[in-house]
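Here the structure comes first, spelled out in structure tokens, and everything after it is commentary.
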Amino acid sequence: METPEQPSYIGADHQIAAPPVSRRRRHIVLWIVLLLLLLGAVIAVVLIRRHDEAAEKAAAAARAKVVGIPITTATAKKGNIGVYLDSIGTVTPVFTDNITSQVDGLIVQVHYTEGQRVNKGDPLIDIDSRPFRATLLQAEGSLQRDENVLAQSSMDLARYRAAWERNAIAKQILDDQEKLVAQNEGTVKNDQGLVQFDQVQVDFCHITAPISGRIGLRLVDPGNVVQAASSATLAVITQLEPITVIFTIPEDSLGQVQTRLRQKATLTVDALDRSDQKKIATGKLLTIDNQIDTTTGTVKGRALFDNKNDALFPNEFVNTRLLVRTLQGVTLVPSSVIQQNGQASFVYVIQDNVAHMRSIKRGVTDGNTTQVDGINPGDVLANSSFDKLQDNIAVSVSNNPPPAANSSSKPSSNPSKTGASSKSTGGKTH
């Protein structure tokens with residue numbers, strides 16, 4: 001028989017009970033249990049999802065292996081492609097005339113209208129010519145008088161010579177008369193010069209177009225006084241047909257351009273708009289400058305354009321493409337089929353519904369077409385689904401392009417897909 005535990009005593013009359021189990025400890029144990037259960041549930045969900053994803057990937061791989069990855073294709077072709085030098089240029093007229101006055105006077109009439117097309121010799125401006133005509137009349141009068149004085153002295157000289165032959169006069173009289181005739185001839189020449197000068201002054205009062213072209217905005221009005229010593233411009237005429245474009249050629253490409261020029265070849269130059277998308281006009285290279293600009297490492301070239309439709313405007317900025325030569329009978333492919341792996345380029349050649357990776361060497365690019373080495377004309381190349389393609393993988397050629405991939409999809413883990421297809425650079429050599 002067990003003896004019941006006796007309570008402890010402190011002193012004679014005070015009794016204290018044993019301490020109960022802590023509630024905090026029970027709460028901690030409860031939370032730990034709940035966390036362990038929650039963690040187990042999360043792990044179970046993750047394992048189930050991974051299993052489902054693995055099953056889906058396996059099923060997709062099995063379907064792809066049987067059906068093949070749907071792709072669109074392009075065919076390599078044999079053809080010609082141009083080697084271009086791209087640059088920027090400025091439209092520069094062949095002639096630009098700034099017309100100023102060469103006499104002092106009052107403008108009495110302006111014949112042209114703003115923006116008018118004028119031909120060489122068309123009247124532009126009239127300056128009051130009355131003072132110059134009066135001076136011309138005086139000079140003509142002096143010339144007429146001195147011509148008669150010369151005629152009189154010439155007749156006297158003829159008489160003196162006849163008398164001298166008869167020994168009727170002294171030799172001194174004949175010599176004096178000869179010198180008098182020479183003096184009168186000089187006076188007549190001086191008068192003729194004055195008449196011609198005054199006639200030129202009169203002609204300067206009637207200003208005509210020195211070239212054919214388009215005239216600019218009106219700069220003077222009737223009633224304005226102009227001076228020959230002033231540099232004020234009365235009108236500006238710019239030739240539009242033909243017109244030239246001045247552009248730059250890199251010094252590294254100067255050799256091949258000079259070689260073609262020495263061969264008397266006609267090099268075509270295309271002028272494109274500021275966006276480098278629309279061709280404005282086509283001309284030919286006239287010449288290149290005689291020295292290289294050391295600050296830019298380029299040399300200037302001038303191309304001539306007919307500009308019959310006025311597509312090119314003076315001082316307009318344009319992009320230029322100089323056709324240096326044309327490669328004949330090379331292999332051409334769309335630029336979109338070319339893939340990059342670092343510095344290396346490759347394509348997928350389709351044979352028996354299987355994609356084979358083939359390394360290539362890129363050459364000239366013109367628009368969306370690129371010249372390549374490493375494949376043959378007639379080879380069928382993959383042109384889509386590059387994120388799914390691998391070497392020796394089955395494919396299914398479709399005429400319709402595959403649907404666009406979801407932007408949130410993960411990139412392919414294929415290590416060969418380290419770069420996208422190269423973008424066309426418009427006729428540059430690589």
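Within each chain, counting starts at residue 1; across the structure tokens, chains are named A, B, ... in the order shown, with ligands numbered 1 upward in that order.
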Point to revise | Long-range neighbours of A:Pro131 as a VMD selection string, 12 Å cut-off, only C-alpha atoms, 2 positions minimum in chain | key: chain A and resid 103 to 106 127 to 129 133 to 138 198 to 199 201 to 202 205
Exercise for review: Please run DSSP on the backbone and report, as a ChimeraX atom specification, all residues within stretch 308-407 of chain A that come out as strand (DSSP E or B).
Suggested key: /A:317-334,339-341,344-351,354-366,369-373,380-382,393-397
Determine, for each residue of stretch 101-166 of chain A having at least one atom at most 10 Å from an atom of stretch 170-194 of chain A, the closest pair of atoms and their separation in Å to one decimal, counting only C-alpha atoms; order by chain and ascending number, as JSON lines.
```
{"residue": "A:Thr135", "atom": "CA", "partner": "A:Leu194", "partner_atom": "CA", "distance": 9.2}
{"residue": "A:Leu136", "atom": "CA", "partner": "A:Leu194", "partner_atom": "CA", "distance": 7.9}
{"residue": "A:Gln138", "atom": "CA", "partner": "A:Leu194", "partner_atom": "CA", "distance": 9.5}
{"residue": "A:Ala139", "atom": "CA", "partner": "A:Leu194", "partner_atom": "CA", "distance": 6.0}
{"residue": "A:Glu140", "atom": "CA", "partner": "A:Asp191", "partner_atom": "CA", "distance": 7.5}
{"residue": "A:Gly141", "atom": "CA", "partner": "A:Asp191", "partner_atom": "CA", "distance": 9.0}
{"residue": "A:Ser142", "atom": "CA", "partner": "A:Asp191", "partner_atom": "CA", "distance": 6.4}
{"residue": "A:Leu143", "atom": "CA", "partner": "A:Asp191", "partner_atom": "CA", "distance": 4.9}
{"residue": "A:Gln144", "atom": "CA", "partner": "A:Val188", "partner_atom": "CA", "distance": 8.4}
{"residue": "A:Arg145", "atom": "CA", "partner": "A:Val188", "partner_atom": "CA", "distance": 8.8}
{"residue": "A:Asp146", "atom": "CA", "partner": "A:Val188", "partner_atom": "CA", "distance": 5.6}
{"residue": "A:Glu147", "atom": "CA", "partner": "A:Val188", "partner_atom": "CA", "distance": 5.9}
{"residue": "A:Asn148", "atom": "CA", "partner": "A:Asn184", "partner_atom": "CA", "distance": 9.4}
{"residue": "A:Val149", "atom": "CA", "partner": "A:Asn184", "partner_atom": "CA", "distance": 6.9}
{"residue": "A:Leu150", "atom": "CA", "partner": "A:Asn184", "partner_atom": "CA", "distance": 5.1}
{"residue": "A:Ala151", "atom": "CA", "partner": "A:Val181", "partner_atom": "CA", "distance": 8.5}
{"residue": "A:Gln152", "atom": "CA", "partner": "A:Val181", "partner_atom": "CA", "distance": 8.9}
{"residue": "A:Ser153", "atom": "CA", "partner": "A:Val181", "partner_atom": "CA", "distance": 5.5}
{"residue": "A:Ser154", "atom": "CA", "partner": "A:Val181", "partner_atom": "CA", "distance": 6.0}
{"residue": "A:Met155", "atom": "CA", "partner": "A:Val181", "partner_atom": "CA", "distance": 9.5}
{"residue": "A:Asp156", "atom": "CA", "partner": "A:Gln177", "partner_atom": "CA", "distance": 7.4}
{"residue": "A:Leu157", "atom": "CA", "partner": "A:Gln177", "partner_atom": "CA", "distance": 5.7}
{"residue": "A:Ala158", "atom": "CA", "partner": "A:Leu174", "partner_atom": "CA", "distance": 9.4}
{"residue": "A:Arg159", "atom": "CA", "partner": "A:Leu174", "partner_atom": "CA", "distance": 9.3}
{"residue": "A:Tyr160", "atom": "CA", "partner": "A:Leu174", "partner_atom": "CA", "distance": 5.7}
{"residue": "A:Arg161", "atom": "CA", "partner": "A:Leu174", "partner_atom": "CA", "distance": 6.6}
{"residue": "A:Ala162", "atom": "CA", "partner": "A:Leu174", "partner_atom": "CA", "distance": 9.8}
{"residue": "A:Ala163", "atom": "CA", "partner": "A:Leu174", "partner_atom": "CA", "distance": 9.0}
{"residue": "A:Trp164", "atom": "CA", "partner": "A:Lys171", "partner_atom": "CA", "distance": 7.0}
```
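Among the candidates A:Asn315, A:Ala209, A:Val108, A:Thr287, the residue lying nearest to A:Val225 is A:Val108 (atoms considered: only C-alpha atoms).
Going from atom CA of A:Phe313 to atom CA of A:Thr238 covers 10.0 Å.
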Point to revise | Residue neighbourhood A:Gln291, 12 Å, only C-alpha atoms, exclusion window fewer than 4 positions, as a PyMOL selection string | key: chain A and resi 248-249+251+254+295-301
How would the residues just chosen look if you wrote them out with N, CA, C and O atoms as a CSV table (one decimal), in the first residue's frame?
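That gives us out-v5.csv:
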```csv
chain,number,residue,atom,x,y,z
A,248,THR,N,30.0,60.6,-99.7
A,248,THR,CA,31.4,60.1,-99.3
A,248,THR,C,31.6,58.7,-99.6
A,248,THR,O,30.6,57.9,-99.6
A,249,ILE,N,32.8,58.3,-99.8
A,249,ILE,CA,33.3,57.0,-100.1
A,249,ILE,C,34.4,56.6,-99.1
A,249,ILE,O,35.3,57.4,-99.0
A,251,GLU,N,37.7,55.4,-97.4
A,251,GLU,CA,39.0,55.2,-98.1
A,251,GLU,C,39.4,53.8,-98.3
A,251,GLU,O,40.1,53.4,-99.2
A,254,LEU,N,38.1,52.8,-101.6
A,254,LEU,CA,38.4,53.7,-102.7
A,254,LEU,C,39.1,52.9,-103.8
A,254,LEU,O,38.9,53.2,-105.0
A,295,THR,N,40.2,64.0,-91.6
A,295,THR,CA,39.4,64.0,-90.4
A,295,THR,C,38.3,62.9,-90.4
A,295,THR,O,37.9,62.4,-89.3
A,296,THR,N,37.8,62.5,-91.6
A,296,THR,CA,36.8,61.5,-91.7
A,296,THR,C,37.2,60.2,-92.3
A,296,THR,O,36.5,59.2,-92.3
A,297,GLY,N,38.4,60.2,-93.0
A,297,GLY,CA,38.8,59.0,-93.7
A,297,GLY,C,38.0,58.7,-94.9
A,297,GLY,O,37.8,57.5,-95.3
A,298,THR,N,37.4,59.7,-95.5
A,298,THR,CA,36.5,59.5,-96.7
A,298,THR,C,37.0,60.4,-97.8
A,298,THR,O,37.7,61.4,-97.6
A,299,VAL,N,36.5,60.1,-99.0
A,299,VAL,CA,36.7,60.9,-100.2
A,299,VAL,C,35.4,61.2,-100.8
A,299,VAL,O,34.5,60.4,-100.8
A,300,LYS,N,35.2,62.4,-101.3
A,300,LYS,CA,33.9,62.8,-101.9
A,300,LYS,C,33.7,62.3,-103.3
A,300,LYS,O,34.7,62.3,-104.1
A,301,GLY,N,32.5,62.0,-103.6
A,301,GLY,CA,32.2,61.6,-105.0
A,301,GLY,C,30.9,62.4,-105.4
A,301,GLY,O,30.1,62.8,-104.6
```
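If you measure from each of A:Ile207, A:Ile237, A:Ile71, A:Val333 to A:Val395 using only C-alpha atoms, the closest one turns out to be A:Ile71.
Summary of the local environment: counting only C-alpha atoms, residues at most 7 Å from stretch 371-373 of chain A, other than itself and those fewer than 2 positions away along its chain, are Val330, Thr331, Leu332, Val333, Ile360, Lys361, Arg362, Gly363, Val364, Thr365, Thr369 and Ile375 of chain A.
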Point to revise | Test item: residues at most 10 Å from A:Gly89, only C-alpha atoms, excluding those fewer than 3 positions along its chain, as a PyMOL selection string | key: chain A and resi 86+92+244-248+271-272+300-303+315-321
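Shortest separation to A:Asn98 among A:Asp293, A:Gly216, A:Lys308, A:Phe204 occurs at residue A:Gly216, atoms counted being only C-alpha atoms.
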Any chance you could tabulate, as JSON lines, the residues of stretch 271-356 of chain A at most 10 Å from stretch 389-393 of chain A with each one's nearest atom pair and distance in Å to one decimal, using only C-alpha atoms, in chain and rising number order?
```
{"residue": "A:Tyr348", "atom": "CA", "partner": "A:Asp391", "partner_atom": "CA", "distance": 7.8}
{"residue": "A:Val349", "atom": "CA", "partner": "A:Asp391", "partner_atom": "CA", "distance": 9.5}
{"residue": "A:Ile350", "atom": "CA", "partner": "A:Asn392", "partner_atom": "CA", "distance": 9.4}
{"residue": "A:Gln351", "atom": "CA", "partner": "A:Asn392", "partner_atom": "CA", "distance": 9.6}
{"residue": "A:Asn353", "atom": "CA", "partner": "A:Ile393", "partner_atom": "CA", "distance": 8.5}
{"residue": "A:Val354", "atom": "CA", "partner": "A:Ile393", "partner_atom": "CA", "distance": 5.5}
{"residue": "A:Ala355", "atom": "CA", "partner": "A:Asn392", "partner_atom": "CA", "distance": 5.2}
{"residue": "A:His356", "atom": "CA", "partner": "A:Asp391", "partner_atom": "CA", "distance": 5.1}
```
Store the residues picked out above in a file with all heavy atoms, as a PDB file, in the first residue's frame.
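So the final result, stored in result-v4.pdb, reads:
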```pdb
ATOM      1  N   TYR A 348      19.496  25.444 -91.561  1.00  0.00           N
ATOM      2  CA  TYR A 348      18.961  24.091 -91.461  1.00  0.00           C
ATOM      3  C   TYR A 348      18.528  23.653 -92.854  1.00  0.00           C
ATOM      4  O   TYR A 348      17.602  24.225 -93.443  1.00  0.00           O
ATOM      5  CB  TYR A 348      17.782  24.039 -90.499  1.00  0.00           C
ATOM      6  CG  TYR A 348      18.180  24.162 -89.045  1.00  0.00           C
ATOM      7  CD1 TYR A 348      17.979  25.354 -88.347  1.00  0.00           C
ATOM      8  CD2 TYR A 348      18.746  23.088 -88.370  1.00  0.00           C
ATOM      9  CE1 TYR A 348      18.328  25.465 -87.013  1.00  0.00           C
ATOM     10  CE2 TYR A 348      19.106  23.198 -87.029  1.00  0.00           C
ATOM     11  CZ  TYR A 348      18.900  24.377 -86.368  1.00  0.00           C
ATOM     12  OH  TYR A 348      19.263  24.481 -85.041  1.00  0.00           O
ATOM     13  N   VAL A 349      19.207  22.659 -93.372  1.00  0.00           N
ATOM     14  CA  VAL A 349      18.859  22.089 -94.675  1.00  0.00           C
ATOM     15  C   VAL A 349      17.891  20.930 -94.455  1.00  0.00           C
ATOM     16  O   VAL A 349      18.159  20.030 -93.642  1.00  0.00           O
ATOM     17  CB  VAL A 349      20.119  21.608 -95.416  1.00  0.00           C
ATOM     18  CG1 VAL A 349      19.737  21.005 -96.770  1.00  0.00           C
ATOM     19  CG2 VAL A 349      21.091  22.768 -95.611  1.00  0.00           C
ATOM     20  N   ILE A 350      16.784  20.956 -95.162  1.00  0.00           N
ATOM     21  CA  ILE A 350      15.742  19.935 -94.997  1.00  0.00           C
ATOM     22  C   ILE A 350      15.927  18.853 -96.054  1.00  0.00           C
ATOM     23  O   ILE A 350      15.893  19.129 -97.261  1.00  0.00           O
ATOM     24  CB  ILE A 350      14.341  20.569 -95.102  1.00  0.00           C
ATOM     25  CG1 ILE A 350      14.218  21.778 -94.162  1.00  0.00           C
ATOM     26  CG2 ILE A 350      13.281  19.529 -94.806  1.00  0.00           C
ATOM     27  CD1 ILE A 350      14.494  21.454 -92.713  1.00  0.00           C
ATOM     28  N   GLN A 351      16.135  17.610 -95.560  1.00  0.00           N
ATOM     29  CA  GLN A 351      16.269  16.446 -96.446  1.00  0.00           C
ATOM     30  C   GLN A 351      15.447  15.302 -95.870  1.00  0.00           C
ATOM     31  O   GLN A 351      15.669  14.893 -94.725  1.00  0.00           O
ATOM     32  CB  GLN A 351      17.741  16.033 -96.572  1.00  0.00           C
ATOM     33  CG  GLN A 351      18.632  17.062 -97.247  1.00  0.00           C
ATOM     34  CD  GLN A 351      20.079  16.627 -97.293  1.00  0.00           C
ATOM     35  OE1 GLN A 351      20.479  15.693 -96.596  1.00  0.00           O
ATOM     36  NE2 GLN A 351      20.884  17.308 -98.097  1.00  0.00           N
ATOM     37  N   ASN A 353      12.429  15.249 -94.820  1.00  0.00           N
ATOM     38  CA  ASN A 353      11.710  15.715 -93.620  1.00  0.00           C
ATOM     39  C   ASN A 353      12.563  15.651 -92.360  1.00  0.00           C
ATOM     40  O   ASN A 353      12.055  15.461 -91.257  1.00  0.00           O
ATOM     41  CB  ASN A 353      10.425  14.910 -93.417  1.00  0.00           C
ATOM     42  CG  ASN A 353       9.379  15.237 -94.465  1.00  0.00           C
ATOM     43  OD1 ASN A 353       9.357  16.350 -95.002  1.00  0.00           O
ATOM     44  ND2 ASN A 353       8.547  14.270 -94.789  1.00  0.00           N
ATOM     45  N   VAL A 354      13.855  15.849 -92.511  1.00  0.00           N
ATOM     46  CA  VAL A 354      14.779  15.908 -91.379  1.00  0.00           C
ATOM     47  C   VAL A 354      15.637  17.154 -91.546  1.00  0.00           C
ATOM     48  O   VAL A 354      16.146  17.431 -92.641  1.00  0.00           O
ATOM     49  CB  VAL A 354      15.664  14.645 -91.293  1.00  0.00           C
ATOM     50  CG1 VAL A 354      16.670  14.771 -90.145  1.00  0.00           C
ATOM     51  CG2 VAL A 354      14.793  13.413 -91.098  1.00  0.00           C
ATOM     52  N   ALA A 355      15.795  17.910 -90.458  1.00  0.00           N
ATOM     53  CA  ALA A 355      16.587  19.130 -90.482  1.00  0.00           C
ATOM     54  C   ALA A 355      18.044  18.815 -90.176  1.00  0.00           C
ATOM     55  O   ALA A 355      18.341  18.154 -89.175  1.00  0.00           O
ATOM     56  CB  ALA A 355      16.048  20.146 -89.467  1.00  0.00           C
ATOM     57  N   HIS A 356      18.945  19.286 -91.040  1.00  0.00           N
ATOM     58  CA  HIS A 356      20.374  19.080 -90.848  1.00  0.00           C
ATOM     59  C   HIS A 356      21.050  20.444 -90.745  1.00  0.00           C
ATOM     60  O   HIS A 356      20.905  21.283 -91.644  1.00  0.00           O
ATOM     61  CB  HIS A 356      20.973  18.290 -92.015  1.00  0.00           C
ATOM     62  CG  HIS A 356      20.355  16.939 -92.214  1.00  0.00           C
ATOM     63  ND1 HIS A 356      20.687  15.834 -91.454  1.00  0.00           N
ATOM     64  CD2 HIS A 356      19.393  16.529 -93.097  1.00  0.00           C
ATOM     65  CE1 HIS A 356      19.990  14.797 -91.858  1.00  0.00           C
ATOM     66  NE2 HIS A 356      19.183  15.181 -92.855  1.00  0.00           N
TER      67      HIS A 356
END
```
Review point. Of the residues A:Asn376, A:Ser396, A:Ser384, A:Asn368, which is the one nearest to A:Thr75, using only C-alpha atoms?
Key: A:Asn376
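We find atom CA of A:Gly79 and atom CA of A:Val337 to be spaced 17.2 Å apart.
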Review point. Tell me, which residues of stretch 163-357 of chain A carry DSSP helix (DSSP H, G or I), written as a PyMOL selection string?
Key: chain A and resi 163-165+171-204+251-262+335-337
Exercise for review: Rank A:Ile169, A:Leu381, A:Leu327, A:Thr282 by their smallest atom-to-atom distance to A:Asp366, using only C-alpha atoms, and report the top residue only.
Suggested key: A:Leu327
Review point. Neighbours of stretch 230-235 of chain A within 9 Å (only C-alpha atoms; same-chain residues fewer than 5 positions away dropped), as number ranges by chain?
Key: A: 97-102, 124-125, 215-220
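Put simply, atom CA of A:Ser385 is 10.9 Å away from atom CA of A:Val397.
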